[in-house]
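Structure file start.txt with compact mmCIF, C-alpha atoms:
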# COMPACT_ATOMS: atom_id res chain seq x y z
CA MET A 1 0.00 0.00 0.00
CA ALA A 2 2.93 2.38 0.60
CA ALA A 3 3.74 2.44 -3.13
CA LEU A 4 0.32 3.95 -3.85
CA ALA A 5 1.07 6.94 -1.66
CA TYR A 6 3.25 8.34 -4.46
CA LEU A 7 0.95 7.51 -7.34
CA PHE A 8 -0.08 11.13 -7.80
CA ALA A 9 3.03 12.87 -6.46
CA GLU A 10 4.44 15.71 -8.51
CA GLU A 11 7.43 17.93 -7.83
CA ARG A 12 6.90 21.23 -9.65
CA GLN A 13 8.05 23.92 -7.26
CA PRO A 14 10.80 26.01 -8.87
CA ASN A 15 13.81 27.31 -6.96
CA TRP A 16 14.01 30.58 -8.91
CA ASP A 17 11.81 33.44 -10.13
CA PHE A 18 9.22 32.31 -12.64
CA VAL A 19 6.35 33.33 -14.87
CA LEU A 20 3.05 31.71 -13.89
CA ILE A 21 0.38 31.25 -16.58
CA PRO A 22 -3.13 30.00 -15.80
CA LYS A 23 -4.22 26.96 -17.80
CA VAL A 24 -7.71 28.40 -18.29
CA SER A 25 -8.80 32.04 -18.42
CA SER A 26 -11.96 33.91 -19.36
CA GLU A 27 -12.45 34.66 -23.04
CA ASN A 28 -13.65 38.13 -22.03
CA ARG A 29 -10.21 39.28 -20.86
CA LYS A 30 -7.96 41.39 -23.07
CA TYR A 31 -4.99 40.05 -21.07
CA ILE A 32 -4.88 36.70 -19.33
CA PRO A 33 -3.62 37.32 -15.79
CA ILE A 34 0.00 36.17 -15.94
CA ALA A 35 2.14 36.54 -12.82
CA TYR A 36 5.87 37.03 -12.23
CA LEU A 37 6.71 35.41 -8.91
CA ASP A 38 9.65 34.41 -6.76
CA LYS A 39 10.32 30.93 -5.40
CA SER A 40 8.45 31.62 -2.15
CA PHE A 41 5.11 31.26 -3.96
CA VAL A 42 3.60 27.79 -4.10
CA ILE A 43 2.27 26.84 -7.50
CA SER A 44 -0.88 24.94 -8.38
CA ASP A 45 -1.54 22.21 -10.92
CA LYS A 46 -3.97 24.64 -12.60
CA THR A 47 -1.06 26.70 -13.92
CA PHE A 48 1.98 26.47 -16.16
CA VAL A 49 5.37 27.66 -14.99
CA ALA A 50 7.97 29.17 -17.30
CA PRO A 51 11.13 28.67 -15.22
CA ASN A 52 14.35 30.68 -15.36
CA THR A 53 12.57 33.65 -16.88
CA SER A 54 13.29 37.32 -16.49
CA ILE A 55 11.06 40.34 -16.23
CA PHE A 56 11.67 40.78 -19.99
CA HIS A 57 10.02 37.40 -20.63
CA PHE A 58 7.15 38.35 -18.34
CA GLY A 59 6.73 41.59 -20.30
CA VAL A 60 6.61 39.83 -23.66
CA LEU A 61 4.24 37.12 -22.40
CA THR A 62 1.79 39.59 -20.86
CA SER A 63 1.74 41.84 -23.94
CA GLN A 64 -0.85 42.06 -26.72
CA MET A 65 1.64 40.35 -29.07
CA HIS A 66 1.51 37.19 -26.99
CA MET A 67 -2.21 37.59 -26.25
CA ALA A 68 -2.95 37.74 -30.01
CA TRP A 69 -0.92 34.56 -30.55
CA MET A 70 -2.63 32.90 -27.61
CA ARG A 71 -6.13 33.73 -28.90
CA TYR A 72 -5.36 32.22 -32.31
CA THR A 73 -3.49 29.11 -31.19
CA CYS A 74 -4.97 28.03 -27.86
CA GLY A 75 -7.67 25.48 -27.30
CA ARG A 76 -10.93 26.19 -25.55
CA LEU A 77 -12.62 24.93 -22.41
CA LYS A 78 -16.22 25.75 -23.16
CA SER A 79 -15.56 29.21 -24.59
CA ASP A 80 -12.69 30.17 -22.25
CA TYR A 81 -9.05 30.18 -23.32
CA SER A 82 -7.27 26.93 -22.56
CA TYR A 83 -3.58 27.83 -22.61
CA SER A 84 -1.19 25.17 -23.84
CA ASN A 85 2.47 25.02 -22.97
CA THR A 86 3.17 23.02 -26.13
CA LEU A 87 0.99 24.76 -28.71
CA VAL A 88 0.95 28.34 -27.43
CA TYR A 89 4.13 28.87 -25.42
CA ASN A 90 6.57 26.54 -27.19
CA ASN A 91 5.58 27.83 -30.63
CA TYR A 92 5.38 31.53 -29.78
CA PRO A 93 7.77 33.52 -31.98
CA PHE A 94 9.69 35.66 -29.51
CA PRO A 95 11.47 38.72 -30.99
CA ILE A 96 14.49 37.67 -33.06
CA ALA A 97 17.19 39.85 -31.56
CA PRO A 98 15.94 42.73 -29.45
CA THR A 99 18.59 45.29 -28.63
CA GLU A 100 19.61 46.02 -25.05
CA PRO A 101 17.73 49.37 -25.09
CA GLN A 102 14.60 47.59 -26.38
CA LYS A 103 14.89 44.96 -23.64
CA LYS A 104 15.34 47.69 -21.04
CA LYS A 105 12.16 49.47 -22.24
CA VAL A 106 10.21 46.21 -21.99
CA GLU A 107 11.62 45.52 -18.52
CA GLU A 108 10.73 49.02 -17.33
CA ALA A 109 7.21 48.78 -18.76
CA ALA A 110 6.74 45.29 -17.29
CA GLN A 111 7.87 46.55 -13.89
CA ALA A 112 5.35 49.41 -14.23
CA VAL A 113 2.61 46.79 -14.75
CA LEU A 114 3.75 44.94 -11.61
CA ASP A 115 4.00 48.20 -9.64
CA THR A 116 0.50 49.21 -10.73
CA ARG A 117 -0.89 45.83 -9.68
CA ALA A 118 0.76 46.31 -6.27
CA LYS A 119 -1.36 49.44 -5.73
CA TYR A 120 -4.36 47.10 -5.34
CA PRO A 121 -3.31 44.67 -2.59
CA GLY A 122 -6.90 43.62 -1.88
CA SER A 123 -7.53 42.62 -5.49
CA SER A 124 -6.72 39.29 -7.09
CA LEU A 125 -5.39 39.07 -10.63
CA ALA A 126 -8.86 37.89 -11.64
CA ASP A 127 -10.28 41.11 -10.18
CA LEU A 128 -7.64 43.32 -11.78
CA TYR A 129 -8.13 41.80 -15.23
CA ASP A 130 -11.91 41.84 -15.21
CA PRO A 131 -12.72 43.62 -18.49
CA VAL A 132 -15.38 45.79 -16.85
CA THR A 133 -13.43 46.86 -13.76
CA MET A 134 -9.76 46.80 -14.87
CA PRO A 135 -8.20 49.88 -13.24
CA PRO A 136 -7.44 52.67 -15.75
CA ASP A 137 -3.84 52.99 -14.55
CA LEU A 138 -3.31 49.26 -15.19
CA VAL A 139 -4.78 49.65 -18.69
CA LYS A 140 -2.35 52.53 -19.29
CA ALA A 141 0.62 50.50 -17.98
CA HIS A 142 -0.29 47.64 -20.32
CA GLN A 143 -0.58 50.00 -23.28
CA ALA A 144 2.97 51.23 -22.62
CA LEU A 145 4.17 47.63 -22.32
CA ASP A 146 2.39 46.68 -25.56
CA LYS A 147 4.18 49.48 -27.40
CA ALA A 148 7.58 48.52 -25.96
CA VAL A 149 7.08 44.87 -26.98
CA ASP A 150 5.81 45.85 -30.45
CA LEU A 151 9.02 47.82 -30.99
CA CYS A 152 11.08 44.67 -30.31
CA TYR A 153 9.50 43.16 -33.41
CA ARG A 154 9.57 46.11 -35.82
CA PRO A 155 10.20 49.87 -35.82
CA GLN A 156 6.53 50.89 -35.53
CA ALA A 157 3.75 49.71 -33.22
CA PHE A 158 1.03 47.43 -34.56
CA GLY A 159 -2.33 49.04 -35.25
CA SER A 160 -4.52 45.98 -34.77
CA GLU A 161 -4.64 42.40 -33.59
CA LEU A 162 -4.85 41.28 -37.23
CA ALA A 163 -1.57 43.08 -38.01
CA ARG A 164 0.05 41.42 -34.99
CA ILE A 165 -1.13 37.92 -35.87
CA GLU A 166 -0.16 38.24 -39.54
CA TYR A 167 3.31 39.36 -38.48
CA LEU A 168 3.65 36.58 -35.89
CA PHE A 169 2.60 33.83 -38.30
CA GLY A 170 5.07 35.19 -40.87
CA LEU A 171 7.78 35.12 -38.22
CA TYR A 172 6.74 31.61 -37.18
CA GLU A 173 7.03 30.49 -40.80
CA GLN A 174 10.50 32.06 -40.98
CA TYR A 175 11.58 30.29 -37.76
CA THR A 176 10.25 26.88 -38.79
CA ALA A 177 11.09 26.83 -42.52
CA PRO A 178 14.57 25.33 -41.98
CA MET A 179 12.99 22.34 -40.20
CA PHE A 180 10.99 21.54 -43.31
CA GLY A 181 13.67 22.14 -45.93
CA GLY A 182 12.69 25.73 -46.74
CA ALA A 183 14.89 28.74 -46.38
CA GLY A 184 12.23 30.89 -44.79
CA LYS A 185 11.06 34.30 -45.82
CA LYS A 186 13.22 37.34 -45.24
CA LYS A 187 11.44 40.24 -43.53

For this file, produce the structure as C-alpha cells.
Amino acid sequence: MAALAYLFAEERQPNWDFVLIPKVSSENRKYIPIAYLDKSFVISDKTFVAPNTSIFHFGVLTSQMHMAWMRYTCGRLKSDYSYSNTLVYNNYPFPIAPTEPQKKKVEEAAQAVLDTRAKYPGSSLADLYDPVTMPPDLVKAHQALDKAVDLCYRPQAFGSELARIEYLFGLYEQYTAPMFGGAGKKK
C-alpha cells in the first residue's frame, strides 16, 4: 500500500523566479492574468510555470503580441481560453534579436505593470483583469508595455490584432522553414 502513496506525487516547485500562466482564463479578458513570482510562492496544478525567466520574458508574455498569438493558437474549455504550454508557449515567436535598449524598455514597462498591480493589494489578478473593472492605470501601464514589446518586433507599433497575428505567423514560418527544408522568408 505504501507504493500507492506516491501515485499522484508531482514535484513542480521552482527554486528561482518564474512566470506563472493560468491553464484556463476567461475569453472576455484582453490580457490573461500572468504573474511574475519568486520561489516563495507555491504553484498549483492549474497553472503552467515558465522557469528561469526574467522580467523581460514576463513583459513579452503579458503583452498584446503574446495575447494575439494565444487567442489564435490556444484550445478552448467551453468558450474560455485553454492555454497550452506546447501549442501556445513553445511555438510563440519571440522577438528575433531585441537590442539592449529595447529589452530595457520592456523591462521598465513590465515593472510598471507589476507596480500598478501592487497598488491594489486587496484585489486578485482575476479582479484586476476583469474587463469591466480593470483599473485605468493598469490599462495605461499595459498600453505602454504593448508598445515597448511591439518595438522589439519592428520599428513601428502594430495598429490591430490582425496586423500582430499576420506578423507573428510570418515570423513563425520564418523560424520553422529550416525544419521543413525551406529557407524561410526574409522580412

Taking into account only C-alpha atoms, which residue in the set A:Lys46, A:Lys23, A:Arg71, A:His66 is nearest to Asp146 in chain A? A:His66

Report, in Å to a single decimal, how far apart CA of Asp17 in chain A and CA of Leu37 in chain A are. 5.6 Å

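For the set A:Tyr167, A:Lys39, A:Tyr120, A:Thr176, the residue with the smallest atom-to-atom gap to Met134 in chain A is A:Tyr120, counting all atoms listed in the file.
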
At a cut-off of 7 Å, using all atoms listed in the file, what residues contact range 52-61 of chain A? Leave out same-chain residues fewer than 2 positions from it and give the result as a VMD selection string. chain A and resid 16 to 19 36 50 63 66 103 106 to 107 110 145 149

Counting only C-alpha atoms, find residues at most 7 Å from (14.6, 44.2, -30.0) (file frame) and give them as number ranges by chain. A: 95, 97-99, 102-103, 151-153

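Distance check against Tyr172 in chain A using all atoms listed in the file: of A:Trp69, A:Asn15, A:Asn85, A:Lys140, the minimum falls on A:Trp69.
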
Nearest to Arg164 in chain A among A:Pro121, A:Tyr72, A:Glu108, A:Leu77, with distances taken over all atoms listed in the file: which residue is it? A:Tyr72

For range 59-67 of chain A, take all atoms listed in the file, fit an axis-aligned box around them, add 6 Å to each of the six sides, then output centre and edge lengths in Å rounded to one decimal, as lines of an AutoDock Vina configuration file.
center_x = 2.3
center_y = 39.6
center_z = -24.7
size_x = 20.9
size_y = 16.9
size_z = 20.8

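For the pair CA of Arg154 in chain A and CA of Pro51 in chain A, the separation is 27.0 Å.
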
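Atom to atom, CA of Ala112 in chain A and CA of Leu125 in chain A stand 15.3 Å apart.
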
Please tell me which residues are no farther than 10 Å from (-4.4, 42.4, -14.8) in the file, counting all atoms listed in the file, and write them as a PyMOL selection string. chain A and resi 29-35+62+113-114+116-117+123-131+134-135+138-139+142
